[in-house]
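Enquirer: My structure is stored as model-v4.csv, with CSV, C-alpha atoms and all ligand atoms.
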chain,number,residue,atom,x,y,z
Q,220,MET,CA,43.6,33.0,141.9
Q,221,SER,CA,45.6,30.4,140.0
Q,222,ALA,CA,47.7,30.5,136.9
Q,223,GLN,CA,46.0,29.5,133.7
Q,224,ALA,CA,47.3,28.6,130.2
Q,225,GLY,CA,45.3,28.0,127.0
Q,226,ARG,CA,43.6,29.5,124.0
Q,227,ARG,CA,41.5,32.6,124.7
Q,228,ALA,CA,41.2,36.2,123.5
Q,229,ALA,CA,43.9,38.8,124.3
Q,230,GLY,CA,43.8,42.4,123.0
Q,231,ASP,CA,46.5,44.6,121.7
Q,232,GLY,CA,47.3,46.5,124.8
Q,233,GLU,CA,47.2,43.6,127.2
Q,234,THR,CA,49.3,41.5,124.8
Q,235,ARG,CA,52.0,44.3,124.6
Q,236,ALA,CA,52.1,44.9,128.4
Q,237,ALA,CA,52.2,41.2,129.2
Q,238,ASN,CA,54.9,40.3,126.7
Q,239,ARG,CA,57.1,43.2,127.6
Q,240,ALA,CA,57.1,42.2,131.3
Q,241,TRP,CA,57.5,38.5,130.3
Q,242,TRP,CA,60.5,39.1,128.2
Q,243,ASP,CA,62.0,41.4,130.8
Q,244,ALA,CA,61.8,38.6,133.3
Q,245,GLU,CA,62.9,35.9,130.8
Q,246,ALA,CA,65.9,37.7,129.3
Q,247,ASP,CA,68.7,36.0,131.4
Q,248,ASP,CA,67.2,32.6,131.1
Q,249,TYR,CA,66.6,33.0,127.3
Q,250,HIS,CA,70.2,33.8,126.8
Q,251,ALA,CA,71.5,31.1,129.2
Q,252,GLU,CA,69.4,28.5,127.3
Q,253,HIS,CA,69.9,29.6,123.7
Q,254,GLY,CA,73.0,31.9,123.7
Q,255,ALA,CA,75.4,29.2,122.6
Q,256,PHE,CA,73.2,28.2,119.7
Q,257,LEU,CA,72.5,31.8,118.6
Q,258,GLY,CA,76.1,33.1,119.2
Q,259,ASP,CA,76.9,36.5,120.5
Q,260,ALA,CA,77.5,37.8,117.0
Q,261,GLY,CA,75.6,35.2,114.9
Q,262,PHE,CA,72.6,35.5,112.6
Q,263,VAL,CA,70.3,32.4,112.9
Q,264,TRP,CA,66.8,32.6,111.4
Q,265,GLY,CA,65.3,29.9,113.6
Q,266,PRO,CA,65.6,26.6,115.6
Q,267,GLU,CA,66.6,24.8,112.3
Q,268,GLY,CA,69.9,26.7,112.6
Q,269,TRP,CA,70.0,28.2,109.0
Q,270,THR,CA,72.1,31.4,109.0
Q,271,GLU,CA,71.9,34.6,107.1
Q,272,GLY,CA,75.4,33.8,105.9
Q,273,GLU,CA,74.0,30.7,104.2
Q,274,LEU,CA,70.6,32.1,103.0
Q,275,ASP,CA,71.4,35.8,102.3
Q,276,LEU,CA,67.6,36.6,102.5
Q,277,LEU,CA,68.1,40.2,103.7
Q,278,ALA,CA,70.7,40.8,101.0
Q,279,VAL,CA,72.4,43.5,103.1
Q,280,ARG,CA,75.2,45.4,101.2
Q,281,ASP,CA,77.7,48.0,102.2
Q,282,GLY,CA,76.3,51.5,102.7
Q,283,MET,CA,72.8,50.4,103.8
Q,284,THR,CA,70.9,51.4,106.9
Q,285,VAL,CA,69.4,48.5,108.8
Q,286,LEU,CA,66.8,48.2,111.6
Q,287,GLU,CA,66.3,45.0,113.6
Q,288,ILE,CA,63.0,44.8,115.5
Q,289,GLY,CA,62.5,42.3,118.4
Q,290,ALA,CA,66.3,42.0,118.4
Q,291,GLY,CA,66.7,40.4,121.9
Q,292,GLY,CA,70.4,40.1,122.5
Q,293,ALA,CA,71.0,41.8,119.1
Q,294,GLN,CA,73.3,39.0,117.9
Q,295,CYS,CA,72.0,39.3,114.4
Q,296,SER,CA,72.7,43.0,114.2
Q,297,ARG,CA,76.1,42.4,115.6
Q,298,TRP,CA,76.8,39.8,112.9
Q,299,LEU,CA,75.7,42.3,110.2
Q,300,ALA,CA,77.8,45.1,111.7
Q,301,ASP,CA,80.9,42.9,111.7
Q,302,ARG,CA,80.5,41.9,108.1
Q,303,TYR,CA,79.3,45.0,106.3
Q,304,ASP,CA,79.9,48.6,106.3
Q,305,VAL,CA,76.4,49.4,107.4
Q,306,ARG,CA,74.5,51.5,110.0
Q,307,VAL,CA,72.6,49.0,112.1
Q,308,VAL,CA,70.2,49.8,115.0
Q,309,ALA,CA,68.9,47.0,117.1
Q,310,SER,CA,65.5,47.6,118.8
Q,311,ASP,CA,63.3,45.7,121.2
Q,312,LEU,CA,60.3,46.4,123.4
Q,313,SER,CA,61.9,44.7,126.4
Q,314,ARG,CA,64.4,46.6,128.5
Q,315,GLY,CA,65.6,43.3,129.9
Q,316,MET,CA,66.4,41.9,126.5
Q,317,LEU,CA,68.2,45.1,125.5
Q,318,ARG,CA,70.2,44.9,128.8
Q,319,THR,CA,71.4,41.5,127.6
Q,320,ALA,CA,72.4,43.1,124.3
Q,321,GLN,CA,74.3,45.8,126.1
Q,322,ARG,CA,76.1,43.2,128.3
Q,323,LEU,CA,77.1,41.2,125.2
Q,324,ASP,CA,78.5,44.3,123.7
Q,325,ASP,CA,80.4,45.2,126.8
Q,326,ASP,CA,81.8,41.7,127.2
Q,327,ARG,CA,83.1,41.8,123.6
Q,328,VAL,CA,84.8,45.1,124.2
Q,329,ASP,CA,86.4,43.7,127.4
Q,330,ALA,CA,87.5,40.6,125.5
Q,331,GLY,CA,89.1,42.7,122.8
Q,332,GLY,CA,86.5,42.2,120.1
Q,333,ASN,CA,86.5,39.0,118.0
Q,334,GLY,CA,90.3,38.7,118.4
Q,335,ASP,CA,90.8,38.9,114.6
Q,336,GLY,CA,90.0,42.6,114.1
Q,337,THR,CA,86.5,41.8,112.6
Q,338,ALA,CA,84.4,43.1,115.6
Q,339,SER,CA,82.4,46.3,115.0
Q,340,GLY,CA,82.0,48.8,117.8
Q,341,PRO,CA,79.1,48.9,120.3
Q,342,LEU,CA,75.7,48.7,118.6
Q,343,PRO,CA,73.1,51.5,118.9
Q,344,LEU,CA,70.2,50.0,120.9
Q,345,LEU,CA,66.6,51.4,120.8
Q,346,GLN,CA,63.7,50.5,123.1
Q,347,CYS,CA,60.5,50.6,121.1
Q,348,ASP,CA,57.5,48.6,120.0
Q,349,GLY,CA,57.9,47.0,116.6
Q,350,GLY,CA,54.4,48.3,115.8
Q,351,ALA,CA,55.3,52.0,116.5
Q,352,LEU,CA,58.8,52.8,115.3
Q,353,PRO,CA,60.2,56.2,116.2
Q,354,LEU,CA,61.8,56.5,112.7
Q,355,ALA,CA,61.0,58.8,109.8
Q,356,ASP,CA,59.2,57.6,106.7
Q,357,SER,CA,61.5,56.1,104.0
Q,358,SER,CA,64.6,56.2,106.2
Q,359,VAL,CA,66.0,52.6,106.1
Q,360,ASP,CA,67.0,50.0,103.5
Q,361,ARG,CA,66.3,46.9,105.5
Q,362,VAL,CA,64.1,45.9,108.4
Q,363,PHE,CA,64.2,42.4,109.9
Q,364,THR,CA,63.4,40.2,112.8
Q,365,ALA,CA,64.3,36.6,113.6
Q,366,TYR,CA,61.3,35.3,115.7
Q,367,GLY,CA,60.7,38.7,117.3
Q,368,VAL,CA,57.6,40.9,117.4
Q,369,ILE,CA,55.2,39.1,114.9
Q,370,PRO,CA,54.0,36.3,117.1
Q,371,PHE,CA,54.0,38.5,120.2
Q,372,VAL,CA,51.5,41.2,118.9
Q,373,ALA,CA,47.8,41.1,118.4
Q,374,ASP,CA,48.2,43.4,115.4
Q,375,SER,CA,50.8,41.9,113.0
Q,376,ALA,CA,49.2,43.8,110.1
Q,377,GLY,CA,50.2,47.0,111.9
Q,378,VAL,CA,53.8,45.8,112.3
Q,379,LEU,CA,54.0,45.2,108.5
Q,380,ARG,CA,52.5,48.6,107.8
Q,381,GLU,CA,55.1,50.2,110.1
Q,382,ALA,CA,58.0,48.3,108.4
Q,383,ALA,CA,56.7,49.4,105.0
Q,384,ARG,CA,56.4,53.0,106.2
Q,385,VAL,CA,60.1,53.3,107.4
Q,386,LEU,CA,61.5,51.4,104.3
Q,387,ARG,CA,62.9,53.3,101.4
Q,388,PRO,CA,61.4,52.3,98.0
Q,389,GLY,CA,63.2,49.1,96.9
Q,390,GLY,CA,63.8,48.3,100.6
Q,391,ARG,CA,63.2,44.9,102.2
Q,392,PHE,CA,61.5,43.5,105.3
Q,393,VAL,CA,62.3,39.9,106.3
Q,394,PHE,CA,60.8,38.2,109.3
Q,395,SER,CA,60.8,34.6,110.6
Q,396,THR,CA,58.2,33.2,112.9
Q,397,SER,CA,57.0,29.8,114.0
Q,398,HIS,CA,55.4,28.1,111.0
Q,399,PRO,CA,51.6,28.6,111.3
Q,400,VAL,CA,50.9,24.9,110.8
Q,401,ARG,CA,52.5,24.2,114.2
Q,402,TRP,CA,49.4,25.7,115.8
Q,403,ALA,CA,47.5,22.5,115.0
Q,404,PHE,CA,49.9,20.4,116.9
Q,405,PRO,CA,50.9,20.1,120.6
Q,406,ASP,CA,54.0,22.3,121.2
Q,407,VAL,CA,56.2,19.4,122.3
Q,408,PRO,CA,59.4,17.9,120.7
Q,409,GLY,CA,58.4,14.2,120.9
Q,410,ARG,CA,56.0,11.9,119.1
Q,411,GLU,CA,53.0,13.5,120.8
Q,412,GLY,CA,53.8,16.6,118.8
Q,413,LEU,CA,53.2,14.8,115.5
Q,414,THR,CA,49.4,14.4,115.8
Q,415,ALA,CA,47.2,17.4,115.0
Q,416,ARG,CA,44.8,18.2,117.9
Q,417,THR,CA,43.4,21.6,117.2
Q,418,SER,CA,42.2,23.4,114.1
Q,419,TYR,CA,44.9,25.2,112.1
Q,420,PHE,CA,42.1,27.7,111.3
Q,421,ASP,CA,41.5,28.6,114.9
Q,422,ARG,CA,43.1,32.1,115.3
Q,423,THR,CA,42.5,32.2,119.1
Q,424,PRO,CA,45.8,33.2,120.7
Q,425,TYR,CA,47.7,31.1,123.3
Q,426,VAL,CA,47.5,33.0,126.5
Q,427,GLU,CA,48.9,32.5,130.0
Q,428,SER,CA,47.3,34.5,132.8
Q,429,GLU,CA,47.5,34.9,136.6
Q,430,GLY,CA,44.4,35.9,138.5
Q,431,GLY,CA,42.7,36.8,135.2
Q,432,GLU,CA,45.5,39.1,134.1
Q,433,VAL,CA,47.4,38.2,130.9
Q,434,THR,CA,51.1,37.4,131.6
Q,435,TYR,CA,52.1,36.0,128.1
Q,436,ALA,CA,50.4,35.9,124.8
Q,437,GLU,CA,51.2,34.5,121.4
Q,438,HIS,CA,49.1,35.1,118.3
Q,439,HIS,CA,48.3,32.8,115.4
Q,440,ARG,CA,47.7,33.7,111.8
Q,441,THR,CA,47.5,31.2,109.0
Q,442,LEU,CA,50.0,31.5,106.1
Q,443,GLY,CA,47.2,33.0,104.0
Q,444,ASP,CA,46.5,35.6,106.7
Q,445,LEU,CA,50.2,36.6,106.7
Q,446,VAL,CA,50.4,36.9,102.9
Q,447,ARG,CA,47.2,39.1,102.9
Q,448,GLN,CA,48.8,41.3,105.6
Q,449,VAL,CA,52.0,41.6,103.6
Q,450,VAL,CA,50.0,42.7,100.5
Q,451,ALA,CA,47.8,45.1,102.5
Q,452,ALA,CA,50.9,46.8,103.8
Q,453,GLY,CA,51.9,47.6,100.2
Q,454,LEU,CA,54.7,45.1,100.2
Q,455,ALA,CA,55.4,42.4,97.6
Q,456,LEU,CA,56.1,38.9,98.8
Q,457,THR,CA,59.3,37.9,97.1
Q,458,ASP,CA,59.8,34.5,98.9
Q,459,LEU,CA,58.3,32.3,101.5
Q,460,VAL,CA,61.0,30.1,102.9
Q,461,GLU,CA,60.2,27.0,104.9
Q,462,PRO,CA,63.6,25.9,106.0
Q,463,GLU,CA,64.1,22.1,106.2
Q,464,TRP,CA,65.7,20.6,109.2
Q,465,PRO,CA,69.4,20.0,108.4
Q,466,GLU,CA,71.0,16.7,109.3
Q,467,ARG,CA,73.7,18.5,111.2
Q,468,ASN,CA,71.3,19.9,113.7
Q,469,ARG,CA,70.7,17.6,116.7
Q,470,GLU,CA,69.4,20.3,119.1
Q,471,THR,CA,65.9,20.5,120.5
Q,472,TRP,CA,64.5,24.0,121.2
Q,473,GLY,CA,61.1,23.9,122.9
Q,474,GLY,CA,58.7,22.1,120.5
Q,475,TRP,CA,61.3,22.1,117.7
Q,476,SER,CA,63.3,18.9,117.4
Q,477,PRO,CA,65.0,16.7,114.7
Q,478,LEU,CA,62.1,14.3,115.0
Q,479,ARG,CA,59.4,16.9,114.2
Q,480,GLY,CA,61.7,18.8,111.8
Q,481,ARG,CA,62.0,15.8,109.5
Q,482,LEU,CA,58.2,15.7,109.0
Q,483,LEU,CA,56.8,19.2,109.5
Q,484,PRO,CA,57.9,22.8,108.8
Q,485,GLY,CA,58.9,24.6,112.0
Q,486,THR,CA,59.6,28.1,110.7
Q,487,ALA,CA,58.3,30.4,108.0
Q,488,ILE,CA,60.5,33.2,106.7
Q,489,LEU,CA,58.7,35.9,104.7
Q,490,VAL,CA,60.8,38.0,102.4
Q,491,CYS,CA,58.9,41.2,101.5
Q,492,ASP,CA,60.0,44.0,99.2
Q,493,LEU,CA,58.7,47.6,99.0
Q,494,PRO,CA,58.2,48.4,95.3
Q,495,ARG,CA,60.3,51.2,93.9
T,501,LIG,C1,61.9,34.8,120.7
T,501,LIG,S1,62.7,36.4,121.1
T,501,LIG,C2,63.7,36.6,119.7
T,501,LIG,C3,64.9,37.5,120.0
T,501,LIG,C4,65.9,37.6,118.9
T,501,LIG,N1,65.4,38.1,117.7
T,501,LIG,C5,66.6,36.2,118.7
T,501,LIG,O1,66.6,35.7,117.6
T,501,LIG,O2,67.1,35.7,119.7
T,501,LIG,C6,61.3,37.5,120.8
T,501,LIG,C7,61.7,39.0,121.0
T,501,LIG,O3,60.6,39.8,120.6
T,501,LIG,C8,60.5,40.9,121.5
T,501,LIG,N2,59.2,41.5,121.4
T,501,LIG,C9,58.0,41.0,121.8
T,501,LIG,N3,57.0,41.9,121.5
T,501,LIG,C10,57.6,43.0,120.9
T,501,LIG,C11,57.1,44.2,120.4
T,501,LIG,N4,55.8,44.5,120.4
T,501,LIG,N5,58.0,45.0,119.8
T,501,LIG,C12,59.3,44.8,119.8
T,501,LIG,N6,59.8,43.7,120.3
T,501,LIG,C13,59.0,42.7,120.8
T,501,LIG,C14,60.8,40.3,122.8
T,501,LIG,O4,61.2,41.3,123.8
T,501,LIG,C15,62.0,39.4,122.5
T,501,LIG,O5,63.2,40.0,122.6
Produce structure tokens that represent the structure in this file.
Ligand SMILES: C[S@@+](CC[C@H](N)C(=O)[O-])C[C@H]1O[C@@H](n2cnc3c(N)ncnc32)[C@H](O)[C@@H]1O
Expert:
Amino acid sequence: MSAQAGRRAAGDGETRAANRAWWDAEADDYHAEHGAFLGDAGFVWGPEGWTEGELDLLAVRDGMTVLEIGAGGAQCSRWLADRYDVRVVASDLSRGMLRTAQRLDDDRVDAGGNGDGTASGPLPLLQCDGGALPLADSSVDRVFTAYGVIPFVADSAGVLREAARVLRPGGRFVFSTSHPVRWAFPDVPGREGLTARTSYFDRTPYVESEGGEVTYAEHHRTLGDLVRQVVAAGLALTDLVEPEWPERNRETWGGWSPLRGRLLPGTAILVCDLPR
């Protein structure tokens, strides 16, 4: 049977299994394509190129314990570990992505760190589902992900509940994801991507399948859905950042481009705090 791509239902289990296998297979290509933009020890929140150094959304400070979910090559965690005196664990569902993270760490050690004495040691890496964290309640100060987990699970409300569970009171969860409004437009970087073709309100996931079996799935929630999930998890929404496309960025990343970035939001970053 042939490969198919389009909008159709995909459940929790088949989404997880498909995306785990997909990211395992994609790991090398993802890093080859985006590694230079992301940096081996850089913290970029999305294709617009805004960094945590510029935005300070996580507000990490010395002495904190930090968990990254959907870490991929773990470049964000590495950036944090280089700058702060923190305990950072980088986690991901995909063994392939964590293998990339391990390789980046090994290469850095072989190259003698950052060369200026700022490099931290190898990162602790953890393979787990962002919706089922093997961590104790109230055990970390910060949880975050840049474009990991949230679009790739059927149950994003569960991921938010899990983040809230492991956070200490006063802790913070920050996640970036493609801006929900993008779902109304074709996912292409050029002019065709400027005309809405589907309903923003259609929550049917984008699914690729082979012989009827799901091989990749991305799930859509409106901004309102996300806000309600944050609140239902017991978190307070402190900020909703829609980063504007900066002049300096001439790069195209999939459907994200300077052309579309000038007109439409491409990324949503939600800053969520657990009340004390
Ligand atoms: C677009 S990549 C982003 C990786 C990294 N955060 C970055 O900025 O390069 C999405 C990541 O989410 C991970 N992921 C997908 N579903 C997941 C899940 N249920 N739990 C944990 N990680 C997941 C993938 O394996 C992949 O590494």
Enquirer: Counting all atoms listed in the file, what residues are within 6 Å of ligand LIG 501 (chain T), given as a ChimeraX atom specification?
Expert: /Q:235,238-239,242,288-291,311-313,316,348-349,364-368,371-372
Enquirer: Which one is closest to Glu245 of chain Q: Q:Arg410, Q:Arg479, Q:Arg314, Q:His439? Count all atoms listed in the file.
Expert: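 Under the stated criterion, the closest residue is Q:Arg314.
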Enquirer: Calculate how many Å separate atom CA of Asp231 of chain Q from atom CA of Gly453 of chain Q, rounding to one decimal.
Expert: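 Atom CA of Asp231 of chain Q sits 22.4 Å away from atom CA of Gly453 of chain Q.
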Enquirer: Write out as a ChimeraX atom specification which residues come within 9 Å of Leu489 of chain Q when counting all atoms listed in the file, dropping same-chain ones fewer than 6 positions away.
Expert: /Q:392-396,445-446,449,456-460
Enquirer: So how many Å separate atom CA of Leu286 of chain Q and atom CA of Ala309 of chain Q, to one decimal?
Expert: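 Taking atom CA of Leu286 of chain Q as the start and atom CA of Ala309 of chain Q as the end point, the length is 6.0 Å.
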Enquirer: Pick out the closest residue to Tyr303 of chain Q from this set: Q:Glu427, Q:Asp356, Q:Asp444, Q:Asp281. Count only C-alpha atoms.
Expert: Q:Asp281
Enquirer: May I ask for the distance between atom CA of Ala240 of chain Q and atom CA of Leu323 of chain Q, given in Å to one decimal place?
Expert: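 Separation between atom CA of Ala240 of chain Q and atom CA of Leu323 of chain Q: 20.9 Å.
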Enquirer: Which residues are near Phe420 of chain Q? Cut-off 7 Å, all atoms listed in the file, ignore same chain within fewer than 2 positions. Put them as a count of residues only.
Expert: 3
Enquirer: Might you pull out every residue within 10 Å of segment 385-390 of chain Q, with only C-alpha atoms counted and same-chain residues fewer than 3 positions away left off, and present them as a list in words?
Expert: Leu277, Met283, Thr284, Val285, Leu286, Leu352, Pro353, Leu354, Ala355, Asp356, Ser357, Ser358, Val359, Asp360, Arg361, Val362, Arg380, Glu381, Ala382, Leu454, Cys491, Asp492, Leu493, Pro494 and Arg495 of chain Q
Enquirer: Identify the residues around (50.1, 31.0, 124.2) within a radius of 7 Å, measuring from only C-alpha atoms in the coordinates stated by the file, and give them as an mmCIF file with C-alpha atoms, in the coordinates of the input.
Expert:
data_model
loop_
_atom_site.group_PDB
_atom_site.id
_atom_site.type_symbol
_atom_site.label_atom_id
_atom_site.label_comp_id
_atom_site.auth_asym_id
_atom_site.auth_seq_id
_atom_site.Cartn_x
_atom_site.Cartn_y
_atom_site.Cartn_z
ATOM 1 C CA GLY Q 225 45.300 28.000 127.000
ATOM 2 C CA ARG Q 226 43.600 29.500 124.000
ATOM 3 C CA PRO Q 424 45.800 33.200 120.700
ATOM 4 C CA TYR Q 425 47.700 31.100 123.300
ATOM 5 C CA VAL Q 426 47.500 33.000 126.500
ATOM 6 C CA GLU Q 427 48.900 32.500 130.000
ATOM 7 C CA TYR Q 435 52.100 36.000 128.100
ATOM 8 C CA ALA Q 436 50.400 35.900 124.800
ATOM 9 C CA GLU Q 437 51.200 34.500 121.400
#
Enquirer: Ranking Q:Ala228, Q:Val400, Q:Ala293, Q:Val308 by minimum distance to His438 of chain Q and counting all atoms listed in the file, which one comes first?
Expert: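 Closest candidate: Q:Ala228.
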Enquirer: Near Gly265 of chain Q, within 12 Å and counting all atoms listed in the file, which residues show up once chain neighbours fewer than 4 positions away are dropped, as a ChimeraX atom specification?
Expert: /Q:253,256-257,261,269-271,295,364-367,394-398,460-465,468,470-473,475-476,480,484-488
Enquirer: Take the residues from that selection and put them in a file with C-alpha atoms, as a short mmCIF file (atom, residue, chain, number, x, y, z; two decimals), keeping the file's coordinate frame.
Expert:
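Generated file (part_30.cif):
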data_model
loop_
_atom_site.label_atom_id
_atom_site.label_comp_id
_atom_site.auth_asym_id
_atom_site.auth_seq_id
_atom_site.Cartn_x
_atom_site.Cartn_y
_atom_site.Cartn_z
CA HIS Q 253 69.90 29.60 123.70
CA PHE Q 256 73.20 28.20 119.70
CA LEU Q 257 72.50 31.80 118.60
CA GLY Q 261 75.60 35.20 114.90
CA TRP Q 269 70.00 28.20 109.00
CA THR Q 270 72.10 31.40 109.00
CA GLU Q 271 71.90 34.60 107.10
CA CYS Q 295 72.00 39.30 114.40
CA THR Q 364 63.40 40.20 112.80
CA ALA Q 365 64.30 36.60 113.60
CA TYR Q 366 61.30 35.30 115.70
CA GLY Q 367 60.70 38.70 117.30
CA PHE Q 394 60.80 38.20 109.30
CA SER Q 395 60.80 34.60 110.60
CA THR Q 396 58.20 33.20 112.90
CA SER Q 397 57.00 29.80 114.00
CA HIS Q 398 55.40 28.10 111.00
CA VAL Q 460 61.00 30.10 102.90
CA GLU Q 461 60.20 27.00 104.90
CA PRO Q 462 63.60 25.90 106.00
CA GLU Q 463 64.10 22.10 106.20
CA TRP Q 464 65.70 20.60 109.20
CA PRO Q 465 69.40 20.00 108.40
CA ASN Q 468 71.30 19.90 113.70
CA GLU Q 470 69.40 20.30 119.10
CA THR Q 471 65.90 20.50 120.50
CA TRP Q 472 64.50 24.00 121.20
CA GLY Q 473 61.10 23.90 122.90
CA TRP Q 475 61.30 22.10 117.70
CA SER Q 476 63.30 18.90 117.40
CA GLY Q 480 61.70 18.80 111.80
CA PRO Q 484 57.90 22.80 108.80
CA GLY Q 485 58.90 24.60 112.00
CA THR Q 486 59.60 28.10 110.70
CA ALA Q 487 58.30 30.40 108.00
CA ILE Q 488 60.50 33.20 106.70
#
